[in-house]
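Heads up, work_26.cif below (mmCIF, C-alpha atoms and all ligand atoms):
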data_model
#
loop_
_atom_site.group_PDB
_atom_site.id
_atom_site.type_symbol
_atom_site.label_atom_id
_atom_site.label_comp_id
_atom_site.auth_asym_id
_atom_site.auth_seq_id
_atom_site.Cartn_x
_atom_site.Cartn_y
_atom_site.Cartn_z
ATOM 1 C CA MET A 1 47.100 45.804 -139.075
ATOM 2 C CA ILE A 2 48.886 44.012 -141.906
ATOM 3 C CA THR A 3 47.994 46.895 -144.221
ATOM 4 C CA LYS A 4 49.639 49.298 -141.791
ATOM 5 C CA TYR A 5 52.872 47.278 -141.698
ATOM 6 C CA LEU A 6 52.839 46.984 -145.482
ATOM 7 C CA ARG A 7 52.431 50.718 -145.901
ATOM 8 C CA GLY A 8 55.355 51.323 -143.537
ATOM 9 C CA PHE A 9 57.467 48.850 -145.470
ATOM 10 C CA PHE A 10 56.747 50.579 -148.767
ATOM 11 C CA ILE A 11 57.560 54.003 -147.344
ATOM 12 C CA VAL A 12 60.954 52.728 -146.141
ATOM 13 C CA LEU A 13 61.518 51.039 -149.529
ATOM 14 C CA THR A 14 60.710 54.269 -151.391
ATOM 15 C CA ILE A 15 63.130 56.259 -149.218
ATOM 16 C CA CYS A 16 65.883 53.701 -149.915
ATOM 17 C CA ILE A 17 65.292 53.806 -153.682
ATOM 18 C CA LEU A 18 65.357 57.609 -153.677
ATOM 19 C CA ALA A 19 68.584 57.660 -151.660
ATOM 20 C CA ILE A 20 70.299 55.274 -154.067
ATOM 21 C CA GLY A 21 69.211 57.295 -157.085
ATOM 22 C CA LEU A 22 70.448 60.640 -155.773
ATOM 23 C CA PHE A 23 73.885 60.750 -157.383
ATOM 24 C CA GLY A 24 74.991 59.377 -160.707
ATOM 25 C CA CYS A 25 73.973 55.977 -161.919
ATOM 26 C CA SER A 26 76.695 53.932 -160.303
ATOM 27 C CA ARG A 27 75.758 50.802 -158.418
ATOM 28 C CA ASN A 28 78.133 48.895 -156.235
ATOM 29 C CA GLU A 29 77.890 45.188 -155.765
ATOM 30 C CA SER A 30 80.028 45.064 -152.671
ATOM 31 C CA SER A 31 79.444 41.364 -152.148
ATOM 32 C CA LYS A 32 81.384 40.667 -155.328
ATOM 33 C CA GLN A 33 84.394 42.713 -154.353
ATOM 34 C CA SER A 34 87.359 41.404 -152.448
ATOM 35 C CA SER A 35 88.980 43.598 -149.851
ATOM 36 C CA GLU A 36 91.735 44.474 -152.336
ATOM 37 C CA ILE A 37 89.601 45.275 -155.362
ATOM 38 C CA LYS A 38 87.491 48.261 -154.512
ATOM 39 C CA THR A 39 85.223 50.360 -156.666
ATOM 40 C CA THR A 40 84.505 53.868 -155.631
ATOM 41 C CA ASP A 41 80.888 54.799 -155.748
ATOM 42 C CA ILE A 42 80.244 58.406 -156.673
ATOM 43 C CA ASN A 43 78.292 58.794 -153.427
ATOM 44 C CA LYS A 44 81.125 57.713 -151.184
ATOM 45 C CA ASP A 45 83.687 60.226 -152.375
ATOM 46 C CA LYS A 46 81.467 63.177 -152.855
ATOM 47 C CA ASN A 47 82.369 65.912 -150.476
ATOM 48 C CA GLU A 48 79.309 67.398 -148.753
ATOM 49 C CA ASN A 49 80.326 70.911 -149.779
ATOM 50 C CA GLY A 50 80.923 69.944 -153.379
ATOM 51 C CA ASP A 51 84.647 70.613 -152.985
ATOM 52 C CA ILE A 52 87.099 68.929 -155.282
ATOM 53 C CA ILE A 53 88.134 65.613 -153.876
ATOM 54 C CA LYS A 54 91.864 65.112 -153.670
ATOM 55 C CA ASN A 55 93.642 61.944 -152.964
ATOM 56 C CA ASP A 56 97.211 63.206 -152.777
ATOM 57 C CA GLY A 57 97.740 62.107 -149.203
ATOM 58 C CA ASP A 58 96.738 58.560 -149.963
ATOM 59 C CA LYS A 59 99.906 56.686 -150.857
ATOM 60 C CA LEU A 60 100.412 53.092 -151.842
ATOM 61 C CA SER A 61 103.387 50.966 -150.948
ATOM 62 C CA GLU A 62 104.396 48.322 -153.448
ATOM 63 C CA ASN A 63 107.700 46.474 -153.167
ATOM 64 C CA GLY A 64 109.052 49.320 -151.103
ATOM 65 C CA ILE A 65 108.076 51.887 -153.757
ATOM 66 C CA THR A 66 105.610 54.478 -152.546
ATOM 67 C CA ARG A 67 103.467 56.214 -155.113
ATOM 68 C CA VAL A 68 100.458 58.474 -155.119
ATOM 69 C CA LYS A 69 97.100 56.839 -155.667
ATOM 70 C CA HIS A 70 95.474 58.669 -158.561
ATOM 71 C CA ILE A 71 91.763 58.993 -159.310
ATOM 72 C CA VAL A 72 90.432 57.928 -162.708
ATOM 73 C CA VAL A 73 86.829 58.791 -163.557
ATOM 74 C CA ILE A 74 85.413 56.480 -166.243
ATOM 75 C CA ASP A 75 82.377 57.270 -168.378
ATOM 76 C CA ALA A 76 80.954 54.447 -170.456
ATOM 77 C CA GLY A 77 79.552 56.529 -173.319
ATOM 78 C CA HIS A 78 75.784 56.767 -173.952
ATOM 79 C CA GLN A 79 73.050 54.687 -172.276
ATOM 80 C CA GLN A 80 70.028 52.751 -173.511
ATOM 81 C CA TYR A 81 68.131 55.842 -174.721
ATOM 82 C CA PRO A 82 69.277 59.134 -176.267
ATOM 83 C CA ILE A 83 68.286 62.448 -174.638
ATOM 84 C CA ASP A 84 67.045 64.769 -177.367
ATOM 85 C CA GLU A 85 66.851 68.028 -175.383
ATOM 86 C CA HIS A 86 69.736 70.359 -176.076
ATOM 87 C CA GLU A 87 72.478 71.714 -173.852
ATOM 88 C CA SER A 88 75.237 74.273 -174.346
ATOM 89 C CA ILE A 89 78.430 72.805 -175.900
ATOM 90 C CA GLY A 90 80.596 74.664 -173.371
ATOM 91 C CA PRO A 91 80.426 77.188 -170.504
ATOM 92 C CA GLY A 92 78.896 80.449 -171.786
ATOM 93 C CA SER A 93 78.324 79.159 -175.323
ATOM 94 C CA SER A 94 75.081 79.845 -177.209
ATOM 95 C CA GLU A 95 75.762 76.850 -179.456
ATOM 96 C CA THR A 96 73.862 73.746 -178.367
ATOM 97 C CA LYS A 97 73.816 70.025 -179.096
ATOM 98 C CA PRO A 98 71.563 67.149 -177.961
ATOM 99 C CA LYS A 99 72.252 66.138 -174.359
ATOM 100 C CA LEU A 100 73.040 62.546 -175.305
ATOM 101 C CA SER A 101 73.125 60.847 -178.712
ATOM 102 C CA SER A 102 71.988 57.292 -179.300
ATOM 103 C CA GLY A 103 75.438 56.032 -180.300
ATOM 104 C CA ALA A 104 76.489 53.514 -182.909
ATOM 105 C CA SER A 105 75.673 49.821 -183.298
ATOM 106 C CA GLY A 106 77.671 46.912 -184.669
ATOM 107 C CA ILE A 107 77.237 46.315 -188.413
ATOM 108 C CA THR A 108 77.725 42.560 -187.940
ATOM 109 C CA THR A 109 76.812 41.946 -184.306
ATOM 110 C CA GLY A 110 73.978 44.493 -183.998
ATOM 111 C CA ILE A 111 75.207 45.204 -180.486
ATOM 112 C CA ASN A 112 74.692 48.754 -179.241
ATOM 113 C CA GLU A 113 77.593 51.064 -178.512
ATOM 114 C CA TYR A 114 76.270 51.712 -174.971
ATOM 115 C CA GLN A 115 76.626 47.991 -174.167
ATOM 116 C CA LEU A 116 80.132 47.764 -175.644
ATOM 117 C CA THR A 117 81.327 50.894 -173.821
ATOM 118 C CA LEU A 118 79.933 49.517 -170.540
ATOM 119 C CA ASP A 119 81.580 46.106 -171.018
ATOM 120 C CA VAL A 120 84.987 47.679 -171.669
ATOM 121 C CA SER A 121 84.572 50.303 -168.924
ATOM 122 C CA LEU A 122 83.917 47.599 -166.312
ATOM 123 C CA LYS A 123 87.123 45.832 -167.393
ATOM 124 C CA LEU A 124 88.903 49.172 -167.262
ATOM 125 C CA ARG A 125 87.634 49.746 -163.713
ATOM 126 C CA ASP A 126 89.031 46.382 -162.609
ATOM 127 C CA GLU A 127 92.341 47.028 -164.405
ATOM 128 C CA PHE A 128 92.783 50.389 -162.663
ATOM 129 C CA ASN A 129 91.853 48.913 -159.295
ATOM 130 C CA ARG A 130 94.472 46.182 -159.793
ATOM 131 C CA ARG A 131 97.048 48.893 -160.477
ATOM 132 C CA GLY A 132 96.188 50.762 -157.286
ATOM 133 C CA TYR A 133 94.202 53.584 -158.838
ATOM 134 C CA GLU A 134 90.879 54.749 -157.482
ATOM 135 C CA ALA A 135 88.282 54.153 -160.213
ATOM 136 C CA VAL A 136 85.085 56.215 -160.160
ATOM 137 C CA MET A 137 82.311 55.011 -162.472
ATOM 138 C CA ILE A 138 79.767 57.399 -164.002
ATOM 139 C CA ARG A 139 77.584 54.379 -164.741
ATOM 140 C CA GLU A 140 77.641 50.621 -164.104
ATOM 141 C CA ASN A 141 74.425 49.754 -165.915
ATOM 142 C CA ASN A 142 72.570 50.940 -169.033
ATOM 143 C CA ASP A 143 70.034 53.080 -167.197
ATOM 144 C CA CYS A 144 71.874 56.379 -166.750
ATOM 145 C CA PRO A 145 69.976 59.354 -168.191
ATOM 146 C CA LEU A 146 72.790 61.868 -167.592
ATOM 147 C CA SER A 147 73.844 64.288 -170.354
ATOM 148 C CA ASN A 148 77.417 64.733 -171.569
ATOM 149 C CA LYS A 149 77.653 67.999 -169.611
ATOM 150 C CA GLU A 150 76.270 66.405 -166.446
ATOM 151 C CA ARG A 151 78.786 63.570 -166.696
ATOM 152 C CA ALA A 152 81.604 66.124 -167.017
ATOM 153 C CA GLU A 153 80.310 67.979 -163.963
ATOM 154 C CA ILE A 154 80.477 64.790 -161.885
ATOM 155 C CA ALA A 155 84.059 64.181 -163.073
ATOM 156 C CA ASN A 156 85.005 67.787 -162.218
ATOM 157 C CA LYS A 157 84.448 67.013 -158.541
ATOM 158 C CA TYR A 158 87.526 64.790 -158.573
ATOM 159 C CA ASP A 159 91.170 65.784 -158.701
ATOM 160 C CA GLY A 160 92.005 63.158 -161.286
ATOM 161 C CA ILE A 161 91.559 62.448 -164.978
ATOM 162 C CA PHE A 162 88.454 61.659 -167.025
ATOM 163 C CA LEU A 163 88.214 58.867 -169.610
ATOM 164 C CA ARG A 164 85.150 58.858 -171.878
ATOM 165 C CA ILE A 165 84.843 55.494 -173.606
ATOM 166 C CA HIS A 166 83.198 55.335 -177.058
ATOM 167 C CA ALA A 167 83.251 53.415 -180.328
ATOM 168 C CA ASN A 168 83.142 54.928 -183.777
ATOM 169 C CA SER A 169 81.022 54.545 -186.902
ATOM 170 C CA ASP A 170 81.426 55.624 -190.520
ATOM 171 C CA GLN A 171 79.438 55.248 -193.731
ATOM 172 C CA ASN A 172 82.492 53.645 -195.287
ATOM 173 C CA SER A 173 82.651 50.163 -193.746
ATOM 174 C CA SER A 174 86.315 49.692 -194.699
ATOM 175 C CA ILE A 175 87.442 52.402 -192.271
ATOM 176 C CA ARG A 176 88.884 50.950 -189.062
ATOM 177 C CA GLY A 177 91.214 51.824 -186.216
ATOM 178 C CA ALA A 178 91.420 53.651 -182.909
ATOM 179 C CA LEU A 179 91.603 57.373 -182.234
ATOM 180 C CA THR A 180 91.213 59.770 -179.335
ATOM 181 C CA LEU A 181 89.662 63.236 -179.162
ATOM 182 C CA ALA A 182 91.222 66.192 -177.352
ATOM 183 C CA PRO A 183 90.546 69.960 -177.165
ATOM 184 C CA ARG A 184 92.250 72.230 -179.721
ATOM 185 C CA ALA A 185 94.972 74.619 -178.528
ATOM 186 C CA ASP A 186 92.539 77.561 -179.032
ATOM 187 C CA ASN A 187 89.671 76.008 -177.023
ATOM 188 C CA GLN A 188 87.908 78.973 -175.347
ATOM 189 C CA PHE A 189 86.231 76.914 -172.623
ATOM 190 C CA MET A 190 89.269 75.324 -170.993
ATOM 191 C CA SER A 191 92.465 76.538 -169.312
ATOM 192 C CA ASN A 192 95.729 76.264 -171.262
ATOM 193 C CA GLU A 193 97.026 73.839 -168.666
ATOM 194 C CA ASN A 194 94.010 71.579 -169.046
ATOM 195 C CA ILE A 195 94.202 71.742 -172.862
ATOM 196 C CA ASN A 196 97.863 70.676 -172.774
ATOM 197 C CA ASP A 197 97.220 67.916 -170.238
ATOM 198 C CA SER A 198 94.202 66.629 -172.179
ATOM 199 C CA GLN A 199 96.216 66.508 -175.418
ATOM 200 C CA ARG A 200 99.059 64.670 -173.668
ATOM 201 C CA LEU A 201 96.616 62.248 -172.017
ATOM 202 C CA SER A 202 94.931 61.615 -175.391
ATOM 203 C CA LYS A 203 98.250 60.837 -177.078
ATOM 204 C CA ASN A 204 99.519 58.536 -174.327
ATOM 205 C CA VAL A 205 96.243 56.625 -174.133
ATOM 206 C CA LEU A 206 95.918 56.218 -177.912
ATOM 207 C CA ASP A 207 99.522 55.162 -178.529
ATOM 208 C CA SER A 208 99.479 52.610 -175.697
ATOM 209 C CA MET A 209 96.078 51.250 -176.697
ATOM 210 C CA ALA A 210 97.078 50.866 -180.377
ATOM 211 C CA LEU A 211 100.322 49.167 -179.333
ATOM 212 C CA GLU A 212 98.566 46.710 -177.021
ATOM 213 C CA THR A 213 95.680 45.840 -179.369
ATOM 214 C CA GLY A 214 97.432 46.123 -182.722
ATOM 215 C CA ALA A 215 94.650 48.451 -183.918
ATOM 216 C CA LYS A 216 95.465 50.998 -186.625
ATOM 217 C CA ASN A 217 96.485 54.242 -184.905
ATOM 218 C CA ARG A 218 94.389 57.007 -186.491
ATOM 219 C CA GLY A 219 95.941 59.733 -184.340
ATOM 220 C CA VAL A 220 94.591 62.293 -181.884
ATOM 221 C CA ILE A 221 91.869 64.535 -183.293
ATOM 222 C CA ASN A 222 91.791 68.004 -181.743
ATOM 223 C CA THR A 223 88.304 69.524 -181.717
ATOM 224 C CA ASN A 224 86.366 72.256 -179.900
ATOM 225 C CA SER A 225 82.927 70.868 -180.725
ATOM 226 C CA MET A 226 82.616 68.105 -178.110
ATOM 227 C CA THR A 227 80.358 68.993 -175.167
ATOM 228 C CA GLY A 228 81.894 66.092 -173.264
ATOM 229 C CA ILE A 229 85.321 67.743 -173.469
ATOM 230 C CA ASN A 230 84.485 71.464 -173.245
ATOM 231 C CA TRP A 231 82.838 71.253 -169.826
ATOM 232 C CA CYS A 232 85.803 69.431 -168.254
ATOM 233 C CA LYS A 233 88.033 71.082 -165.684
ATOM 234 C CA ILE A 234 90.235 68.005 -165.308
ATOM 235 C CA PRO A 235 92.320 66.319 -168.062
ATOM 236 C CA VAL A 236 89.957 64.472 -170.390
ATOM 237 C CA THR A 237 90.089 62.276 -173.465
ATOM 238 C CA ILE A 238 87.389 60.677 -175.567
ATOM 239 C CA VAL A 239 88.543 57.209 -176.579
ATOM 240 C CA GLU A 240 87.117 55.860 -179.839
ATOM 241 C CA MET A 241 88.197 52.218 -179.503
ATOM 242 C CA GLY A 242 87.401 51.193 -183.069
ATOM 243 C CA PHE A 243 84.745 51.305 -185.802
ATOM 244 C CA MET A 244 81.516 49.378 -185.182
ATOM 245 C CA SER A 245 80.752 49.993 -188.881
ATOM 246 C CA ASN A 246 83.715 47.813 -189.873
ATOM 247 C CA PRO A 247 82.654 44.121 -189.852
ATOM 248 C CA GLU A 248 85.988 42.753 -188.580
ATOM 249 C CA GLU A 249 86.542 45.434 -185.969
ATOM 250 C CA ASP A 250 82.932 45.107 -184.767
ATOM 251 C CA LEU A 251 83.501 41.386 -184.120
ATOM 252 C CA LEU A 252 86.929 41.993 -182.611
ATOM 253 C CA MET A 253 85.563 44.525 -180.122
ATOM 254 C CA GLN A 254 83.100 41.899 -178.857
ATOM 255 C CA ASN A 255 85.964 39.512 -178.129
ATOM 256 C CA ASN A 256 86.669 39.206 -174.399
ATOM 257 C CA GLU A 257 90.463 39.025 -174.798
ATOM 258 C CA TYR A 258 90.477 41.990 -177.153
ATOM 259 C CA GLN A 259 88.457 44.006 -174.624
ATOM 260 C CA GLN A 260 91.059 43.115 -171.966
ATOM 261 C CA LYS A 261 93.789 44.374 -174.300
ATOM 262 C CA ILE A 262 91.922 47.645 -174.815
ATOM 263 C CA ALA A 263 91.625 48.066 -171.033
ATOM 264 C CA LYS A 264 95.289 47.206 -170.472
ATOM 265 C CA GLY A 265 96.429 49.533 -173.277
ATOM 266 C CA ILE A 266 94.393 52.472 -171.960
ATOM 267 C CA ALA A 267 95.713 51.879 -168.421
ATOM 268 C CA ASN A 268 99.306 51.723 -169.758
ATOM 269 C CA GLY A 269 98.741 55.135 -171.348
ATOM 270 C CA VAL A 270 97.380 56.571 -168.112
ATOM 271 C CA ASP A 271 100.394 55.152 -166.225
ATOM 272 C CA LYS A 272 102.662 56.987 -168.687
ATOM 273 C CA PHE A 273 100.675 60.215 -168.356
ATOM 274 C CA PHE A 274 101.139 60.254 -164.586
ATOM 275 C CA ASP A 275 104.783 59.091 -164.804
ATOM 276 C CA GLU A 276 105.529 62.125 -167.013
ATOM 277 C CA ASN A 277 103.912 64.348 -164.381
ATOM 278 C CA ASN A 278 106.270 63.160 -161.649
HETATM 279 ZN ZN ZN A 301 79.781 57.298 -178.852
#
Translate the structure of the given file into structure tokens.
Amino acid sequence: MITKYLRGFFIVLTICILAIGLFGCSRNESSKQSSEIKTTDINKDKNENGDIIKNDGDKLSENGITRVKHIVVIDAGHQQYPIDEHESIGPGSSETKPKLSSGASGITTGINEYQLTLDVSLKLRDEFNRRGYEAVMIRENNDCPLSNKERAEIANKYDGIFLRIHANSDQNSSIRGALTLAPRADNQFMSNENINDSQRLSKNVLDSMALETGAKNRGVINTNSMTGINWCKIPVTIVEMGFMSNPEEDLLMQNNEYQQKIAKGIANGVDKFFDENN
């Protein structure tokens, strides 16, 4: 009798676990959220038909000013393990790259890039929620075996922008500073409109982040070799917050206040991007 109940319990448990694992790697801890601060789980906003999810009708009223609530998809770069299998670097391309690289680690702290990108991305999520955006998280823990292409495909379901959060590394430990990556003007995988928007997003985000943090501004790097950019149908930027190979910047990026400044700076840049659109 007890065995029968136990078996039933485990079947229900298995179904629940499978259901949770169906989309993305995002986990919501609703008990922690107030009614004002809301995180959007990938599951909740996903249209059954796979249609692009718009939020244009959803307006916010603040001090009598009504503005559109925009969607920001946030990808904390990497996860605890790399994925060595290859995938195409862009739609229709025969060139391939590993699905997910292992990422950098701090020269002084030894902390992995995937942990740093998650810590900052969670602060970024809260910052965007405070500003009335809808934040969609690709991952909220370090167990997210999704490739760069797969992460882009999740973001493409939203009518918003896509921020991919990373940290840099170089053999020369004196190199420091922030930069962003955008598609080149001749990118064959993306529309001209999306190339222009992604370049503008990259510039706004970098300039605002460098201003807020005081980090050296290393400029926007335009490249056609990033899988994480080439598969995107919505404006995208890869944010390289700083160099984990630089001892001072490695330590700085582990500082809670500095992480808040990064989040605030990135959000300021996104505010500007959307203000220019209006
Ligand atoms: Zn990275």
>> Assuming the chain letters and numbering stay as they are in my file, what does the PyMOL selection byres (((chain A and resi 246-261) around 10) and not hetatm) actually select? List them as a PyMOL selection string.
In response: chain A and resi 105-111+116-117+119-121+123-124+127+167-177+209-215+241-245+262-267
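Taking atom CA of Lys99 of chain A and atom CA of Arg151 of chain A as endpoints, the distance between them is 10.4 Å.
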> Nearest to Gln199 of chain A: which of A:Ser94, A:Asn187, A:Thr237, A:Thr227 is it, counting only C-alpha atoms?
Replying inline: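 Between A:Ser94, A:Asn187, A:Thr237, A:Thr227, the residue approaching Gln199 of chain A most closely is A:Thr237.
Atom CA of Ser101 of chain A to atom CA of Lys157 of chain A spans 23.9 Å [interatomic distance, one decimal].
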>> At a cut-off of 8 Å, using all atoms listed in the file, what residues contact Ile234 of chain A? Leave out same-chain residues fewer than 5 positions from it and give the result as number ranges by chain.
In response: A: 155-156, 158-162, 194
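Taking atom CA of Ser26 of chain A and atom CA of Met137 of chain A as the two end points, the separation is 6.1 Å.
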